[in-house]
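Containing mmCIF, C-alpha atoms: input20.cif.
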data_data
#
loop_
_atom_site.label_atom_id
_atom_site.label_comp_id
_atom_site.auth_asym_id
_atom_site.auth_seq_id
_atom_site.Cartn_x
_atom_site.Cartn_y
_atom_site.Cartn_z
CA MET Y 1 -15.00 -24.33 -19.16
CA LEU Y 2 -13.51 -23.82 -22.64
CA LEU Y 3 -10.03 -22.76 -21.51
CA HIS Y 4 -9.64 -25.98 -19.52
CA SER Y 5 -10.95 -28.33 -22.22
CA PRO Y 6 -8.49 -30.96 -23.49
CA VAL Y 7 -8.99 -29.86 -27.13
CA PHE Y 8 -8.30 -26.20 -26.36
CA LEU Y 9 -5.24 -27.05 -24.25
CA ALA Y 10 -3.86 -29.33 -26.98
CA ASP Y 11 -4.32 -26.58 -29.60
CA PHE Y 12 -2.73 -24.05 -27.23
CA ARG Y 13 0.31 -26.25 -26.51
CA ALA Y 14 0.87 -27.01 -30.20
CA ALA Y 15 0.51 -23.39 -31.26
CA SER Y 16 2.63 -21.99 -28.43
CA GLY Y 17 5.40 -24.51 -29.15
CA ALA Y 18 5.50 -23.30 -32.76
CA LEU Y 19 5.45 -19.69 -31.59
CA LEU Y 20 8.54 -20.09 -29.38
CA GLY Y 21 10.69 -20.78 -32.39
CA ASN Y 22 9.02 -18.21 -34.63
CA PRO Y 23 7.53 -15.05 -33.07
CA SER Y 24 6.17 -13.92 -36.45
CA ALA Y 25 3.76 -16.87 -36.23
CA LEU Y 26 1.60 -14.97 -33.71
CA PRO Y 27 -1.34 -14.47 -36.13
CA ARG Y 28 -1.31 -18.19 -36.96
CA PHE Y 29 -1.09 -18.94 -33.21
CA LEU Y 30 -4.09 -16.83 -32.29
CA SER Y 31 -6.36 -17.65 -35.21
CA PRO Y 32 -7.41 -21.21 -34.24
CA LEU Y 33 -7.71 -20.24 -30.58
CA ILE Y 34 -9.95 -17.26 -31.33
CA GLY Y 35 -12.06 -19.41 -33.64
CA ARG Y 36 -12.51 -22.07 -30.95
CA VAL Y 37 -13.41 -19.45 -28.29
CA SER Y 38 -15.93 -17.85 -30.69
CA GLN Y 39 -17.54 -21.20 -31.47
CA ALA Y 40 -17.78 -22.14 -27.81
CA SER Y 41 -19.17 -18.75 -26.85
CA SER Y 42 -21.95 -18.85 -29.43
CA SER Y 43 -22.82 -22.49 -28.78
CA SER Y 44 -23.02 -21.97 -25.01
CA GLY Y 45 -25.31 -18.97 -25.37
CA VAL Y 46 -22.67 -16.45 -24.27
CA LYS Y 47 -22.96 -13.38 -26.45
CA TYR Y 48 -20.08 -11.15 -27.33
CA HIS Y 49 -21.02 -7.48 -26.94
CA GLN Y 50 -19.69 -6.33 -30.27
CA SER Y 51 -21.21 -2.85 -30.06
CA ARG Y 52 -19.35 -2.19 -26.78
CA ALA Y 53 -16.07 -3.43 -28.25
CA MET Y 54 -16.52 -1.26 -31.34
CA ALA Y 55 -17.34 1.79 -29.20
CA HIS Y 56 -14.23 1.14 -27.10
CA GLU Y 57 -12.04 0.85 -30.21
CA SER Y 58 -13.39 4.08 -31.68
CA GLN Y 59 -12.49 6.13 -28.60
CA ALA Y 60 -9.22 7.98 -28.95
CA ALA Y 61 -6.51 6.73 -26.63
CA PRO Y 62 -5.37 9.27 -24.06
CA ALA Y 63 -2.14 11.16 -24.74
CA PRO Y 64 0.95 9.36 -23.44
CA SER Y 65 1.30 10.05 -19.72
CA ILE Y 66 4.39 10.15 -17.54
CA VAL Y 67 5.35 10.23 -13.88
CA VAL Y 68 8.00 12.80 -12.99
CA TYR Y 69 10.11 12.67 -9.82
CA VAL Y 70 11.36 15.92 -8.30
CA THR Y 71 12.99 16.22 -4.89
CA VAL Y 72 12.83 19.39 -2.79
CA PRO Y 73 14.55 20.28 0.49
CA ASN Y 74 11.41 20.72 2.59
CA LYS Y 75 7.61 20.62 2.78
CA GLU Y 76 7.21 24.37 2.25
CA GLU Y 77 9.12 24.39 -1.02
CA GLY Y 78 7.33 21.20 -2.08
CA SER Y 79 3.90 22.71 -1.43
CA LYS Y 80 4.78 25.93 -3.24
CA LEU Y 81 6.19 24.09 -6.27
CA ALA Y 82 3.29 21.60 -6.38
CA SER Y 83 0.77 24.44 -6.27
CA SER Y 84 2.46 26.37 -9.08
CA ILE Y 85 2.67 23.22 -11.26
CA ILE Y 86 -1.05 22.52 -10.80
CA THR Y 87 -2.06 26.19 -11.23
CA LYS Y 88 -0.20 26.34 -14.56
CA LYS Y 89 -1.87 23.04 -15.59
CA LEU Y 90 1.52 21.43 -16.12
CA ALA Y 91 0.28 18.34 -14.27
CA ALA Y 92 -2.95 16.79 -13.09
CA CYS Y 93 -1.66 15.70 -9.68
CA VAL Y 94 1.40 16.15 -7.47
CA ASN Y 95 1.95 13.82 -4.52
CA GLN Y 96 4.27 15.04 -1.78
CA ILE Y 97 6.13 12.29 0.07
CA PRO Y 98 7.95 13.71 3.11
CA GLY Y 99 10.71 12.06 5.07
CA ILE Y 100 12.84 10.54 2.35
CA GLU Y 101 16.58 10.44 2.81
CA SER Y 102 18.80 10.98 -0.21
CA THR Y 103 22.47 10.08 -0.42
CA TYR Y 104 24.33 11.43 -3.43
CA TRP Y 105 27.59 12.81 -4.82
CA TRP Y 106 27.78 16.60 -4.81
CA GLU Y 107 30.86 18.70 -5.53
CA GLY Y 108 33.26 15.84 -4.96
CA LYS Y 109 31.85 14.41 -1.74
CA VAL Y 110 29.05 12.19 -0.49
CA GLU Y 111 26.08 14.09 0.96
CA THR Y 112 22.99 12.84 2.81
CA ASP Y 113 19.90 15.01 3.27
CA SER Y 114 16.25 14.72 4.24
CA GLU Y 115 14.03 15.68 1.33
CA VAL Y 116 10.46 15.64 0.11
CA LEU Y 117 9.74 13.67 -3.06
CA LEU Y 118 7.21 15.09 -5.50
CA ILE Y 119 5.54 12.52 -7.73
CA ILE Y 120 4.03 14.41 -10.64
CA LYS Y 121 1.50 12.91 -13.09
CA THR Y 122 1.33 14.68 -16.43
CA LYS Y 123 1.35 14.28 -20.21
CA LYS Y 124 4.61 13.48 -21.96
CA SER Y 125 4.10 16.52 -24.21
CA LEU Y 126 4.41 18.83 -21.16
CA LEU Y 127 7.77 17.46 -19.93
CA ASP Y 128 9.95 20.22 -21.40
CA GLU Y 129 7.73 22.99 -20.05
CA LEU Y 130 7.46 21.29 -16.65
CA THR Y 131 11.25 20.83 -16.49
CA ALA Y 132 11.85 24.51 -17.31
CA HIS Y 133 9.35 25.54 -14.62
CA VAL Y 134 11.01 23.34 -11.99
CA ILE Y 135 14.50 24.62 -12.87
CA GLN Y 136 13.28 28.24 -12.68
CA SER Y 137 11.34 27.79 -9.41
CA HIS Y 138 13.62 25.39 -7.50
CA SER Y 139 16.16 26.37 -4.83
CA TYR Y 140 18.64 23.67 -5.91
CA LYS Y 141 21.37 24.52 -8.41
CA THR Y 142 20.68 21.22 -10.23
CA PRO Y 143 17.18 20.01 -9.36
CA GLU Y 144 16.19 16.41 -9.99
CA VAL Y 145 13.65 16.06 -12.79
CA ILE Y 146 13.31 12.43 -13.90
CA ALA Y 147 10.45 11.23 -16.11
CA LEU Y 148 9.18 7.66 -16.37
CA PRO Y 149 6.57 6.47 -18.88
CA ILE Y 150 3.23 5.21 -17.65
CA GLN Y 151 2.80 1.88 -19.45
CA GLY Y 152 -0.83 1.40 -18.49
CA GLY Y 153 -3.38 1.86 -15.76
CA ASN Y 154 -6.96 2.84 -15.11
CA PRO Y 155 -8.16 4.26 -18.45
CA ALA Y 156 -10.43 6.76 -16.66
CA TYR Y 157 -7.49 8.03 -14.58
CA LEU Y 158 -5.25 8.36 -17.65
CA LYS Y 159 -8.01 10.28 -19.42
CA TRP Y 160 -8.35 12.51 -16.34
CA ILE Y 161 -4.61 13.33 -16.55
CA GLU Y 162 -5.09 14.40 -20.14
CA GLU Y 163 -8.21 16.47 -19.39
CA SER Y 164 -6.69 18.16 -16.32
CA THR Y 165 -3.60 19.50 -18.08
CA LYS Y 166 -3.06 22.00 -20.85
#
So that I can check it, write out the structure of this file as structure tokens.
Amino acid sequence: MLLHSPVFLADFRAASGALLGNPSALPRFLSPLIGRVSQASSSSGVKYHQSRAMAHESQAAPAPSIVVYVTVPNKEEGSKLASSIITKKLAACVNQIPGIESTYWWEGKVETDSEVLLIIKTKKSLLDELTAHVIQSHSYKTPEVIALPIQGGNPAYLKWIEESTK
């Protein structure tokens, strides 16, 4: 196999050693390796499906997606809030995780409560509108709304998030 050949490994070690001291050398690092893989692929009869790669590159990437955490005091409020978020197309999916226990500072003392965690998948562009909706609909004086970026995942699922929201 090409990746295990002594020549490829020697080229890889030499190039990666140079790269450690100079990150801007990445194009020079990849160039000989890509050339060697291309040569080996064509000489071994393995064909690169260029049309598929070009079609993949021409597809627009889905809008940046995020995961938003919101805690609620009980299942009933969680179900009601989840339903309103989905109905308004502010998210594609809301998971409800019951039985979490939260410990936190509130009004100068430590509190511990059972809560339900909502895990909301949506587009980054909807965060402000989603946050306003949660604040308006929530029974807490200061509801938790924390957004985390989705760095990657199943492309079809990420596209579904985009298509299922406004």
Give the padded box for region 106-111 of chain Y as JSON: axis-aligned, covering all atoms listed in the file, 4 Å on each side, centre and edge lengths in Å to one decimal.
{"center_x": 29.7, "center_y": 15.4, "center_z": -2.3, "size_x": 15.2, "size_y": 14.5, "size_z": 14.5}
Using the chain letters and numbers from this file, what does the PyMOL selection byres ((chain Y and resi 111-123) around 6) select? Give the answer as an mmCIF file with C-alpha atoms, keeping the file's coordinate frame.
data_model
loop_
_atom_site.group_PDB
_atom_site.id
_atom_site.type_symbol
_atom_site.label_atom_id
_atom_site.label_comp_id
_atom_site.auth_asym_id
_atom_site.auth_seq_id
_atom_site.Cartn_x
_atom_site.Cartn_y
_atom_site.Cartn_z
ATOM 1 C CA PRO Y 64 0.950 9.360 -23.440
ATOM 2 C CA SER Y 65 1.300 10.050 -19.720
ATOM 3 C CA ILE Y 66 4.390 10.150 -17.540
ATOM 4 C CA VAL Y 67 5.350 10.230 -13.880
ATOM 5 C CA VAL Y 68 8.000 12.800 -12.990
ATOM 6 C CA TYR Y 69 10.110 12.670 -9.820
ATOM 7 C CA VAL Y 70 11.360 15.920 -8.300
ATOM 8 C CA THR Y 71 12.990 16.220 -4.890
ATOM 9 C CA VAL Y 72 12.830 19.390 -2.790
ATOM 10 C CA PRO Y 73 14.550 20.280 0.490
ATOM 11 C CA ASN Y 74 11.410 20.720 2.590
ATOM 12 C CA ALA Y 91 0.280 18.340 -14.270
ATOM 13 C CA ALA Y 92 -2.950 16.790 -13.090
ATOM 14 C CA CYS Y 93 -1.660 15.700 -9.680
ATOM 15 C CA VAL Y 94 1.400 16.150 -7.470
ATOM 16 C CA ASN Y 95 1.950 13.820 -4.520
ATOM 17 C CA GLN Y 96 4.270 15.040 -1.780
ATOM 18 C CA ILE Y 97 6.130 12.290 0.070
ATOM 19 C CA PRO Y 98 7.950 13.710 3.110
ATOM 20 C CA ILE Y 100 12.840 10.540 2.350
ATOM 21 C CA GLU Y 101 16.580 10.440 2.810
ATOM 22 C CA SER Y 102 18.800 10.980 -0.210
ATOM 23 C CA THR Y 103 22.470 10.080 -0.420
ATOM 24 C CA TYR Y 104 24.330 11.430 -3.430
ATOM 25 C CA VAL Y 110 29.050 12.190 -0.490
ATOM 26 C CA LYS Y 124 4.610 13.480 -21.960
ATOM 27 C CA SER Y 125 4.100 16.520 -24.210
ATOM 28 C CA LEU Y 126 4.410 18.830 -21.160
#
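Interatomic distance, CA of Tyr140 (chain Y) against CA of Asp128 (chain Y): 18.1 Å.
Between Pro149 (chain Y) and the candidates Y:Leu127, Y:Lys109, Y:Ser164, Y:Ser137, the tightest atom-to-atom separation, counting all atoms listed in the file, involves Y:Leu127.
Going from CA of Thr165 (chain Y) to CA of Ile85 (chain Y) covers 10.0 Å.
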Rounded to one decimal place, report the CA of Lys159 (chain Y)-CA of Gln136 (chain Y) distance in Å. 28.7 Å
Atoms added to region 155-166 of chain Y (all heavy atoms), reported as an mmCIF file, keeping the file's coordinate frame:
data_model
loop_
_atom_site.group_PDB
_atom_site.id
_atom_site.type_symbol
_atom_site.label_atom_id
_atom_site.label_comp_id
_atom_site.auth_asym_id
_atom_site.auth_seq_id
_atom_site.Cartn_x
_atom_site.Cartn_y
_atom_site.Cartn_z
ATOM 1 N N PRO Y 155 -7.913 3.376 -17.313
ATOM 2 C CA PRO Y 155 -8.160 4.260 -18.450
ATOM 3 C C PRO Y 155 -8.831 5.575 -18.052
ATOM 4 O O PRO Y 155 -8.506 6.631 -18.599
ATOM 5 C CB PRO Y 155 -9.064 3.439 -19.377
ATOM 6 C CG PRO Y 155 -8.765 2.022 -19.018
ATOM 7 C CD PRO Y 155 -8.463 2.034 -17.542
ATOM 8 N N ALA Y 156 -9.750 5.526 -17.098
ATOM 9 C CA ALA Y 156 -10.430 6.760 -16.660
ATOM 10 C C ALA Y 156 -9.436 7.710 -16.003
ATOM 11 O O ALA Y 156 -9.514 8.928 -16.196
ATOM 12 C CB ALA Y 156 -11.569 6.415 -15.704
ATOM 13 N N TYR Y 157 -8.490 7.180 -15.226
ATOM 14 C CA TYR Y 157 -7.490 8.030 -14.580
ATOM 15 C C TYR Y 157 -6.554 8.643 -15.626
ATOM 16 O O TYR Y 157 -6.233 9.840 -15.565
ATOM 17 C CB TYR Y 157 -6.677 7.228 -13.555
ATOM 18 C CG TYR Y 157 -5.724 8.083 -12.749
ATOM 19 C CD1 TYR Y 157 -6.172 8.768 -11.619
ATOM 20 C CD2 TYR Y 157 -4.392 8.226 -13.115
ATOM 21 C CE1 TYR Y 157 -5.318 9.561 -10.883
ATOM 22 C CE2 TYR Y 157 -3.531 9.023 -12.386
ATOM 23 C CZ TYR Y 157 -3.991 9.687 -11.264
ATOM 24 O OH TYR Y 157 -3.136 10.488 -10.552
ATOM 25 N N LEU Y 158 -6.128 7.844 -16.602
ATOM 26 C CA LEU Y 158 -5.250 8.360 -17.650
ATOM 27 C C LEU Y 158 -5.953 9.440 -18.469
ATOM 28 O O LEU Y 158 -5.337 10.440 -18.844
ATOM 29 C CB LEU Y 158 -4.772 7.209 -18.545
ATOM 30 C CG LEU Y 158 -3.940 6.145 -17.826
ATOM 31 C CD1 LEU Y 158 -3.614 4.996 -18.775
ATOM 32 C CD2 LEU Y 158 -2.687 6.729 -17.211
ATOM 33 N N LYS Y 159 -7.229 9.256 -18.711
ATOM 34 C CA LYS Y 159 -8.010 10.280 -19.420
ATOM 35 C C LYS Y 159 -8.114 11.539 -18.563
ATOM 36 O O LYS Y 159 -8.019 12.657 -19.069
ATOM 37 C CB LYS Y 159 -9.398 9.726 -19.757
ATOM 38 C CG LYS Y 159 -10.265 10.662 -20.568
ATOM 39 C CD LYS Y 159 -11.548 9.947 -20.972
ATOM 40 C CE LYS Y 159 -12.598 10.821 -21.524
ATOM 41 N NZ LYS Y 159 -12.456 11.462 -22.732
ATOM 42 N N TRP Y 160 -8.286 11.378 -17.253
ATOM 43 C CA TRP Y 160 -8.350 12.510 -16.340
ATOM 44 C C TRP Y 160 -7.041 13.309 -16.370
ATOM 45 O O TRP Y 160 -7.061 14.542 -16.357
ATOM 46 C CB TRP Y 160 -8.657 12.026 -14.915
ATOM 47 C CG TRP Y 160 -8.557 13.097 -13.890
ATOM 48 C CD1 TRP Y 160 -9.478 14.075 -13.633
ATOM 49 C CD2 TRP Y 160 -7.473 13.320 -12.980
ATOM 50 N NE1 TRP Y 160 -9.036 14.890 -12.618
ATOM 51 C CE2 TRP Y 160 -7.802 14.443 -12.207
ATOM 52 C CE3 TRP Y 160 -6.263 12.671 -12.763
ATOM 53 C CZ2 TRP Y 160 -6.965 14.936 -11.217
ATOM 54 C CZ3 TRP Y 160 -5.432 13.153 -11.769
ATOM 55 C CH2 TRP Y 160 -5.776 14.274 -11.019
ATOM 56 N N ILE Y 161 -5.901 12.618 -16.436
ATOM 57 C CA ILE Y 161 -4.610 13.330 -16.550
ATOM 58 C C ILE Y 161 -4.631 14.212 -17.784
ATOM 59 O O ILE Y 161 -4.266 15.394 -17.726
ATOM 60 C CB ILE Y 161 -3.421 12.341 -16.590
ATOM 61 C CG1 ILE Y 161 -3.231 11.649 -15.245
ATOM 62 C CG2 ILE Y 161 -2.140 13.073 -17.013
ATOM 63 C CD1 ILE Y 161 -2.172 10.544 -15.255
ATOM 64 N N GLU Y 162 -5.069 13.644 -18.887
ATOM 65 C CA GLU Y 162 -5.090 14.400 -20.140
ATOM 66 C C GLU Y 162 -6.028 15.604 -20.052
ATOM 67 O O GLU Y 162 -5.674 16.713 -20.459
ATOM 68 C CB GLU Y 162 -5.528 13.492 -21.288
ATOM 69 C CG GLU Y 162 -5.533 14.194 -22.627
ATOM 70 C CD GLU Y 162 -5.880 13.267 -23.772
ATOM 71 O OE1 GLU Y 162 -6.491 12.212 -23.553
ATOM 72 O OE2 GLU Y 162 -5.517 13.623 -24.897
ATOM 73 N N GLU Y 163 -7.210 15.404 -19.473
ATOM 74 C CA GLU Y 163 -8.210 16.470 -19.390
ATOM 75 C C GLU Y 163 -7.853 17.560 -18.373
ATOM 76 O O GLU Y 163 -8.330 18.682 -18.471
ATOM 77 C CB GLU Y 163 -9.571 15.884 -19.056
ATOM 78 C CG GLU Y 163 -10.135 15.023 -20.163
ATOM 79 C CD GLU Y 163 -11.383 14.257 -19.742
ATOM 80 O OE1 GLU Y 163 -11.682 14.202 -18.534
ATOM 81 O OE2 GLU Y 163 -12.035 13.694 -20.636
ATOM 82 N N SER Y 164 -7.011 17.234 -17.407
ATOM 83 C CA SER Y 164 -6.690 18.160 -16.320
ATOM 84 C C SER Y 164 -5.435 18.995 -16.588
ATOM 85 O O SER Y 164 -5.030 19.793 -15.754
ATOM 86 C CB SER Y 164 -6.507 17.400 -15.014
ATOM 87 O OG SER Y 164 -7.695 16.721 -14.683
ATOM 88 N N THR Y 165 -4.817 18.775 -17.728
ATOM 89 C CA THR Y 165 -3.600 19.500 -18.080
ATOM 90 C C THR Y 165 -3.817 20.302 -19.347
ATOM 91 O O THR Y 165 -4.811 20.103 -20.045
ATOM 92 C CB THR Y 165 -2.431 18.510 -18.275
ATOM 93 O OG1 THR Y 165 -2.819 17.511 -19.217
ATOM 94 C CG2 THR Y 165 -2.046 17.853 -16.967
ATOM 95 N N LYS Y 166 -2.880 21.193 -19.630
ATOM 96 C CA LYS Y 166 -3.060 22.000 -20.850
ATOM 97 C C LYS Y 166 -2.794 21.209 -22.109
ATOM 98 O O LYS Y 166 -2.233 20.182 -22.127
ATOM 99 C CB LYS Y 166 -2.229 23.264 -20.844
ATOM 100 C CG LYS Y 166 -0.825 23.257 -20.350
ATOM 101 C CD LYS Y 166 -0.122 24.483 -20.779
ATOM 102 C CE LYS Y 166 0.484 25.318 -19.718
ATOM 103 N NZ LYS Y 166 1.339 26.343 -20.161
#
